[in-house]
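> PDB, C-alpha atoms, saved as protein.pdb, coming up:
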```
MODEL        1
ATOM      1  CA  MET M  25     -63.415 -22.050 -80.806
ATOM      2  CA  GLY M  26     -61.711 -23.818 -83.697
ATOM      3  CA  PRO M  27     -59.170 -26.665 -83.947
ATOM      4  CA  GLY M  28     -56.885 -27.052 -80.942
ATOM      5  CA  SER M  29     -59.107 -25.121 -78.531
ATOM      6  CA  PRO M  30     -59.536 -26.733 -75.080
ATOM      7  CA  PHE M  31     -63.178 -25.615 -75.013
ATOM      8  CA  PRO M  32     -66.218 -26.656 -77.078
ATOM      9  CA  ASP M  33     -67.720 -24.092 -79.426
ATOM     10  CA  TYR M  34     -70.546 -23.106 -77.083
ATOM     11  CA  VAL M  35     -68.121 -21.856 -74.384
ATOM     12  CA  LYS M  36     -67.580 -18.089 -74.522
ATOM     13  CA  THR M  37     -63.994 -17.780 -73.348
ATOM     14  CA  ASN M  38     -64.244 -14.012 -72.890
ATOM     15  CA  GLU M  39     -66.782 -14.619 -70.118
ATOM     16  CA  ILE M  40     -64.603 -16.986 -68.073
ATOM     17  CA  GLU M  41     -63.066 -14.167 -66.032
ATOM     18  CA  ARG M  42     -66.553 -13.150 -64.885
ATOM     19  CA  THR M  43     -67.394 -16.564 -63.421
ATOM     20  CA  SER M  44     -68.783 -16.834 -59.898
ATOM     21  CA  LEU M  45     -69.254 -19.587 -57.310
ATOM     22  CA  LEU M  46     -72.377 -21.621 -58.069
ATOM     23  CA  HIS M  47     -72.519 -23.979 -55.100
ATOM     24  CA  ARG M  48     -70.421 -25.399 -52.293
ATOM     25  CA  PHE M  49     -70.762 -29.040 -51.251
ATOM     26  CA  ARG M  50     -69.455 -30.294 -47.928
ATOM     27  CA  ALA M  51     -68.470 -33.856 -47.158
ATOM     28  CA  PRO M  52     -70.109 -35.421 -44.088
ATOM     29  CA  ARG M  53     -67.632 -35.659 -41.223
ATOM     30  CA  ALA M  54     -69.089 -38.638 -39.416
ATOM     31  CA  SER M  55     -68.990 -41.704 -41.618
ATOM     32  CA  GLN M  56     -68.106 -45.338 -41.137
ATOM     33  CA  PHE M  57     -66.485 -45.223 -44.567
ATOM     34  CA  VAL M  58     -63.893 -42.533 -43.835
ATOM     35  CA  HIS M  59     -60.398 -43.704 -44.775
ATOM     36  CA  LYS M  60     -56.978 -42.284 -43.862
ATOM     37  CA  ALA M  61     -57.668 -39.179 -45.959
ATOM     38  CA  GLY M  62     -60.499 -38.095 -43.711
ATOM     39  CA  CYS M  63     -62.931 -35.992 -45.717
ATOM     40  CA  GLU M  64     -60.756 -34.589 -48.482
ATOM     41  CA  SER M  65     -62.368 -34.345 -51.904
ATOM     42  CA  TRP M  66     -60.185 -36.552 -54.090
ATOM     43  CA  THR M  67     -62.049 -36.673 -57.358
ATOM     44  CA  THR M  68     -65.084 -35.240 -59.138
ATOM     45  CA  ALA M  69     -66.681 -35.680 -62.568
ATOM     46  CA  TRP M  70     -69.459 -34.120 -64.635
ATOM     47  CA  ALA M  71     -71.846 -36.142 -66.781
ATOM     48  CA  PRO M  72     -71.457 -35.294 -70.502
ATOM     49  CA  ASP M  73     -74.885 -33.642 -70.563
ATOM     50  CA  SER M  74     -74.310 -31.892 -67.179
ATOM     51  CA  SER M  75     -77.197 -33.840 -65.622
ATOM     52  CA  TYR M  76     -75.081 -35.178 -62.738
ATOM     53  CA  LEU M  77     -72.093 -34.263 -60.617
ATOM     54  CA  ALA M  78     -70.188 -37.155 -59.022
ATOM     55  CA  TRP M  79     -67.679 -36.781 -56.223
ATOM     56  CA  SER M  80     -65.817 -38.861 -53.666
ATOM     57  CA  SER M  81     -64.316 -37.634 -50.408
ATOM     58  CA  GLY M  82     -61.310 -39.829 -49.759
ATOM     59  CA  ASN M  83     -63.375 -42.920 -49.042
ATOM     60  CA  ARG M  84     -65.236 -45.672 -50.856
ATOM     61  CA  ILE M  85     -68.492 -43.739 -51.342
ATOM     62  CA  VAL M  86     -69.401 -41.891 -54.545
ATOM     63  CA  ARG M  87     -72.181 -39.322 -54.345
ATOM     64  CA  LEU M  88     -74.246 -38.669 -57.462
ATOM     65  CA  ILE M  89     -75.938 -35.265 -57.356
ATOM     66  CA  PRO M  90     -78.592 -34.440 -59.988
ATOM     67  CA  TRP M  91     -77.854 -31.034 -61.524
ATOM     68  CA  ASN M  92     -80.275 -28.543 -63.046
ATOM     69  CA  ARG M  93     -78.268 -27.545 -66.090
ATOM     70  CA  TYR M  94     -80.829 -24.899 -67.060
ATOM     71  CA  LYS M  95     -80.318 -22.920 -63.862
ATOM     72  CA  ASN M  96     -76.830 -24.065 -62.802
ATOM     73  CA  LYS M  97     -77.756 -25.425 -59.400
ATOM     74  CA  PRO M  98     -78.546 -28.797 -57.776
ATOM     75  CA  VAL M  99     -81.971 -30.214 -58.590
ATOM     76  CA  ALA M 100     -82.614 -30.373 -54.835
ATOM     77  CA  GLU M 101     -82.593 -26.558 -54.781
ATOM     78  CA  ASP M 102     -84.534 -25.955 -57.991
ATOM     79  CA  ASP M 103     -86.298 -28.747 -59.874
ATOM     80  CA  GLU M 104     -87.893 -26.684 -62.662
ATOM     81  CA  ASP M 105     -86.764 -25.839 -66.178
ATOM     82  CA  PRO M 106     -86.951 -22.236 -67.506
ATOM     83  CA  ASP M 107     -90.605 -22.781 -68.535
ATOM     84  CA  GLY M 108     -91.640 -23.855 -65.041
ATOM     85  CA  HIS M 109     -91.955 -27.556 -65.842
ATOM     86  CA  VAL M 110     -90.753 -29.945 -63.132
ATOM     87  CA  LEU M 111     -87.765 -32.036 -64.182
ATOM     88  CA  ASP M 112     -88.113 -35.809 -64.332
ATOM     89  CA  LEU M 113     -86.981 -36.653 -60.818
ATOM     90  CA  GLU M 114     -87.920 -40.323 -61.148
ATOM     91  CA  ALA M 115     -85.122 -40.743 -63.674
ATOM     92  CA  ARG M 116     -82.669 -38.498 -61.843
ATOM     93  CA  ARG M 117     -82.337 -38.893 -58.125
ATOM     94  CA  PRO M 118     -79.455 -38.527 -55.670
ATOM     95  CA  LEU M 119     -77.506 -41.724 -55.157
ATOM     96  CA  GLU M 120     -74.693 -42.970 -52.948
ATOM     97  CA  ILE M 121     -72.681 -45.827 -54.427
ATOM     98  CA  ASP M 122     -70.553 -47.929 -52.105
ATOM     99  CA  THR M 123     -67.694 -49.198 -54.290
ATOM    100  CA  SER M 124     -66.204 -51.284 -51.417
ATOM    101  CA  GLU M 125     -62.737 -49.806 -52.093
ATOM    102  CA  LEU M 126     -61.047 -46.426 -51.840
ATOM    103  CA  VAL M 127     -62.033 -44.338 -54.888
ATOM    104  CA  TRP M 128     -59.239 -42.564 -56.777
ATOM    105  CA  ALA M 129     -60.817 -41.651 -60.112
ATOM    106  CA  LEU M 130     -64.245 -41.056 -61.644
ATOM    107  CA  ALA M 131     -65.469 -40.772 -65.227
ATOM    108  CA  PHE M 132     -68.901 -40.576 -66.805
ATOM    109  CA  GLY M 133     -69.494 -42.356 -70.073
ATOM    110  CA  SER M 134     -72.304 -41.848 -72.503
ATOM    111  CA  SER M 135     -72.877 -43.441 -75.850
ATOM    112  CA  THR M 136     -74.189 -40.070 -76.956
ATOM    113  CA  CYS M 137     -71.435 -37.969 -78.497
ATOM    114  CA  HIS M 138     -70.385 -35.069 -76.246
ATOM    115  CA  HIS M 139     -70.527 -32.705 -79.208
ATOM    116  CA  SER M 140     -74.084 -33.513 -80.304
ATOM    117  CA  GLN M 141     -77.356 -33.111 -78.437
ATOM    118  CA  TYR M 142     -78.941 -35.994 -80.339
ATOM    119  CA  GLY M 143     -76.399 -38.798 -80.229
ATOM    120  CA  ARG M 144     -74.248 -40.797 -82.581
ATOM    121  CA  GLN M 145     -75.676 -40.880 -86.090
ATOM    122  CA  GLU M 146     -75.811 -44.160 -87.993
ATOM    123  CA  THR M 147     -76.867 -44.829 -91.576
ATOM    124  CA  ARG M 148     -78.849 -48.007 -92.186
ATOM    125  CA  PRO M 149     -78.351 -50.222 -95.285
ATOM    126  CA  ASP M 150     -81.526 -48.768 -96.814
ATOM    127  CA  GLY M 151     -80.074 -45.247 -96.553
ATOM    128  CA  SER M 152     -82.195 -44.049 -93.643
ATOM    129  CA  VAL M 153     -80.557 -42.394 -90.646
ATOM    130  CA  ARG M 154     -81.098 -43.145 -86.978
ATOM    131  CA  TYR M 155     -79.527 -42.040 -83.701
ATOM    132  CA  ARG M 156     -78.304 -45.073 -81.865
ATOM    133  CA  PHE M 157     -78.309 -44.022 -78.219
ATOM    134  CA  ASN M 158     -80.164 -41.967 -75.643
ATOM    135  CA  VAL M 159     -78.047 -40.360 -72.939
ATOM    136  CA  ALA M 160     -80.831 -40.659 -70.358
ATOM    137  CA  LYS M 161     -80.735 -44.456 -70.713
ATOM    138  CA  ASP M 162     -77.072 -45.105 -71.364
ATOM    139  CA  LEU M 163     -75.247 -42.905 -68.851
ATOM    140  CA  ILE M 164     -72.755 -44.918 -66.796
ATOM    141  CA  LEU M 165     -70.151 -44.103 -64.158
ATOM    142  CA  ALA M 166     -66.677 -45.638 -64.021
ATOM    143  CA  THR M 167     -64.928 -45.756 -60.643
ATOM    144  CA  GLY M 168     -61.168 -46.284 -60.494
ATOM    145  CA  LEU M 169     -60.217 -48.031 -57.271
ATOM    146  CA  ALA M 170     -57.212 -48.518 -55.008
ATOM    147  CA  ARG M 171     -56.384 -52.105 -56.018
ATOM    148  CA  GLY M 172     -56.477 -51.434 -59.741
ATOM    149  CA  ARG M 173     -60.076 -52.436 -60.343
ATOM    150  CA  ILE M 174     -62.465 -50.354 -62.442
ATOM    151  CA  ARG M 175     -66.135 -50.845 -61.660
ATOM    152  CA  LEU M 176     -68.893 -49.527 -63.918
ATOM    153  CA  TRP M 177     -72.323 -48.527 -62.631
ATOM    154  CA  ASP M 178     -75.744 -47.715 -64.033
ATOM    155  CA  VAL M 179     -76.263 -44.074 -62.991
ATOM    156  CA  LEU M 180     -80.069 -44.321 -62.858
ATOM    157  CA  THR M 181     -80.204 -47.372 -60.586
ATOM    158  CA  GLY M 182     -76.799 -47.508 -58.880
ATOM    159  CA  ARG M 183     -76.441 -51.123 -60.031
ATOM    160  CA  GLN M 184     -72.947 -52.436 -60.816
ATOM    161  CA  LEU M 185     -72.693 -53.421 -64.470
ATOM    162  CA  PHE M 186     -69.306 -55.128 -64.617
ATOM    163  CA  GLU M 187     -65.667 -54.878 -63.518
ATOM    164  CA  LEU M 188     -62.379 -54.377 -65.377
ATOM    165  CA  CYS M 189     -59.535 -56.218 -63.668
ATOM    166  CA  ASP M 190     -56.328 -56.005 -65.715
ATOM    167  CA  HIS M 191     -54.554 -53.162 -63.859
ATOM    168  CA  LEU M 192     -52.289 -54.157 -60.957
ATOM    169  CA  ASP M 193     -52.225 -50.935 -58.896
ATOM    170  CA  VAL M 194     -54.128 -47.727 -58.084
ATOM    171  CA  ILE M 195     -56.165 -46.156 -60.909
ATOM    172  CA  ARG M 196     -54.968 -42.554 -61.083
ATOM    173  CA  ASP M 197     -57.168 -41.238 -63.893
ATOM    174  CA  MET M 198     -59.780 -42.266 -66.464
ATOM    175  CA  GLN M 199     -61.496 -40.667 -69.427
ATOM    176  CA  PHE M 200     -64.122 -41.759 -71.915
ATOM    177  CA  SER M 201     -63.635 -40.942 -75.565
ATOM    178  CA  PRO M 202     -65.569 -37.759 -76.491
ATOM    179  CA  ASP M 203     -66.935 -39.236 -79.738
ATOM    180  CA  GLY M 204     -69.535 -41.485 -78.114
ATOM    181  CA  SER M 205     -67.685 -44.695 -79.007
ATOM    182  CA  MET M 206     -67.609 -45.793 -75.326
ATOM    183  CA  ARG M 207     -63.858 -46.345 -75.325
ATOM    184  CA  LEU M 208     -62.385 -45.827 -71.862
ATOM    185  CA  ALA M 209     -58.749 -44.914 -71.172
ATOM    186  CA  SER M 210     -57.316 -45.589 -67.718
ATOM    187  CA  ALA M 211     -53.968 -44.613 -66.176
ATOM    188  CA  SER M 212     -52.574 -46.670 -63.305
ATOM    189  CA  ARG M 213     -49.678 -46.767 -60.878
ATOM    190  CA  ASP M 214     -48.705 -50.072 -62.474
ATOM    191  CA  GLY M 215     -47.073 -47.925 -65.177
ATOM    192  CA  THR M 216     -49.626 -48.544 -67.905
ATOM    193  CA  ILE M 217     -52.429 -46.777 -69.728
ATOM    194  CA  LYS M 218     -55.080 -49.161 -70.981
ATOM    195  CA  MET M 219     -57.856 -48.750 -73.515
ATOM    196  CA  TRP M 220     -61.165 -50.566 -73.020
ATOM    197  CA  ASP M 221     -64.198 -51.029 -75.260
ATOM    198  CA  ILE M 222     -67.200 -50.710 -72.967
ATOM    199  CA  GLU M 223     -69.646 -51.560 -75.758
ATOM    200  CA  GLU M 224     -67.947 -54.978 -75.935
ATOM    201  CA  ASN M 225     -68.397 -55.677 -72.199
ATOM    202  CA  GLY M 226     -65.121 -53.965 -71.314
ATOM    203  CA  ASN M 227     -62.869 -55.826 -73.739
ATOM    204  CA  MET M 228     -59.316 -54.452 -73.395
ATOM    205  CA  ILE M 229     -58.130 -53.014 -76.714
ATOM    206  CA  LYS M 230     -54.558 -51.951 -75.999
ATOM    207  CA  THR M 231     -51.960 -51.473 -73.249
ATOM    208  CA  LEU M 232     -49.439 -48.611 -73.384
ATOM    209  CA  ARG M 233     -46.410 -48.943 -71.100
ATOM    210  CA  ARG M 234     -44.189 -46.195 -69.747
ATOM    211  CA  THR M 235     -40.463 -46.712 -69.329
ATOM    212  CA  SER M 236     -40.258 -44.925 -65.973
ATOM    213  CA  LYS M 237     -42.632 -43.850 -63.195
ATOM    214  CA  TRP M 238     -46.389 -44.137 -63.399
ATOM    215  CA  PRO M 239     -48.827 -41.969 -65.366
ATOM    216  CA  TYR M 240     -50.900 -39.507 -63.365
ATOM    217  CA  ASN M 241     -53.376 -38.510 -66.077
ATOM    218  CA  CYS M 242     -54.686 -39.543 -69.467
ATOM    219  CA  GLY M 243     -56.816 -37.658 -71.934
ATOM    220  CA  PHE M 244     -58.296 -37.817 -75.426
ATOM    221  CA  SER M 245     -57.984 -35.084 -77.996
ATOM    222  CA  PRO M 246     -61.307 -33.344 -78.837
ATOM    223  CA  ASP M 247     -61.615 -35.349 -82.077
ATOM    224  CA  ALA M 248     -60.911 -38.632 -80.193
ATOM    225  CA  GLU M 249     -58.065 -39.464 -82.589
ATOM    226  CA  ARG M 250     -55.206 -39.121 -80.086
ATOM    227  CA  LEU M 251     -54.539 -40.056 -76.469
ATOM    228  CA  CYS M 252     -51.953 -38.505 -74.175
ATOM    229  CA  GLY M 253     -50.607 -39.604 -70.806
ATOM    230  CA  VAL M 254     -48.716 -37.529 -68.232
TER     231      VAL M 254
ENDMDL
END
```
Represent the structure from my file as structure tokens, please.

Amino acid sequence: MGPGSPFPDYVKTNEIERTSLLHRFRAPRASQFVHKAGCESWTTAWAPDSSYLAWSSGNRIVRLIPWNRYKNKPVAEDDEDPDGHVLDLEARRPLEIDTSELVWALAFGSSTCHHSQYGRQETRPDGSVRYRFNVAKDLILATGLARGRIRLWDVLTGRQLFELCDHLDVIRDMQFSPDGSMRLASASRDGTIKMWDIEENGNMIKTLRRTSKWPYNCGFSPDAERLCGV
């Protein structure tokens, strides 16, 4: 699409007007985890490789739904690729993660660059080239919570990896850098946007402060060189 386009090159913008509903998910009504919001859908997120959809319905539970990106439907409805081979369901299964707090924001992170199907390229001292990461092994989910905590989870196992604790109020939005560097930006009601380096165990890189009100959103530019907050 060229510089400045909001869509990656593989998106055919002239086909957007012909889009149709792919699937409708419904939140369970009876749940011991329902908060004051009932069953509203507060936040959703797609994995960079479209292998998972994550969503939370106004409570502390995040549902991870494996997605068949070849056929644009949940794996539970169709678990085969276009050649009739069954997808690897052992590596991709539905999960429910109990974050223990009300979930406000979700973001998938992958150390594979969003714009490359192979990953981040590195050149070794001897001149050879390797690809450092594999999205199937390195996909993680960040959950932004009501008390300002950010918890990161292994998508394949549902295991909590670690917690980021520097924000003082609700996490309104998060986004991973699209270049595969595993930098995470988070916007909070405490009036700050923070940058974290997940490769360095969540080391906080920088804090940006607003002069008035809190930021609702944050986002990287497609080349990962700029960050904006609203």
> Mind giving me the straight-line distance from CA of Leu45 in chain M to CA of Asp33 in chain M in Å, one decimal?
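These atoms are spaced 22.6 Å apart.
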> Given the choices M:Pro202, M:Ser80, M:Glu187, M:Gly172, which gets closest to Asp214 in chain M if the distance is worked out from all atoms listed in the file?
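The closest residue to Asp214 in chain M is M:Gly172.
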> When distances are computed from only C-alpha atoms, which of M:Ala166, M:Leu208, M:Leu192, M:Ala78 shows the smallest separation from Asp178 in chain M?
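Closest to Asp178 in chain M of all the choices is M:Ala166.
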> One number please: CA of Phe49 in chain M to CA of Asp102 in chain M, in Å, one decimal.
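Between these atoms lies a distance of 15.6 Å.
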> Expand the PyMOL selection byres ((chain M and resi 228) around 10) into the explicit residue set it covers here, and present it as a list in words.
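Those residues are Leu188, Cys189, Asp190, Arg207, Leu208, Ala209, Lys218, Met219, Trp220, Asp221, Ile222, Glu224, Asn225, Gly226, Asn227, Ile229, Lys230 and Thr231 of chain M.
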> Under the PyMOL selection byres ((chain M and resi 79) around 8), which residues of this model are included? Write them out as a PyMOL selection string.
chain M and resi 65-69+77-78+80-81+86-88+130
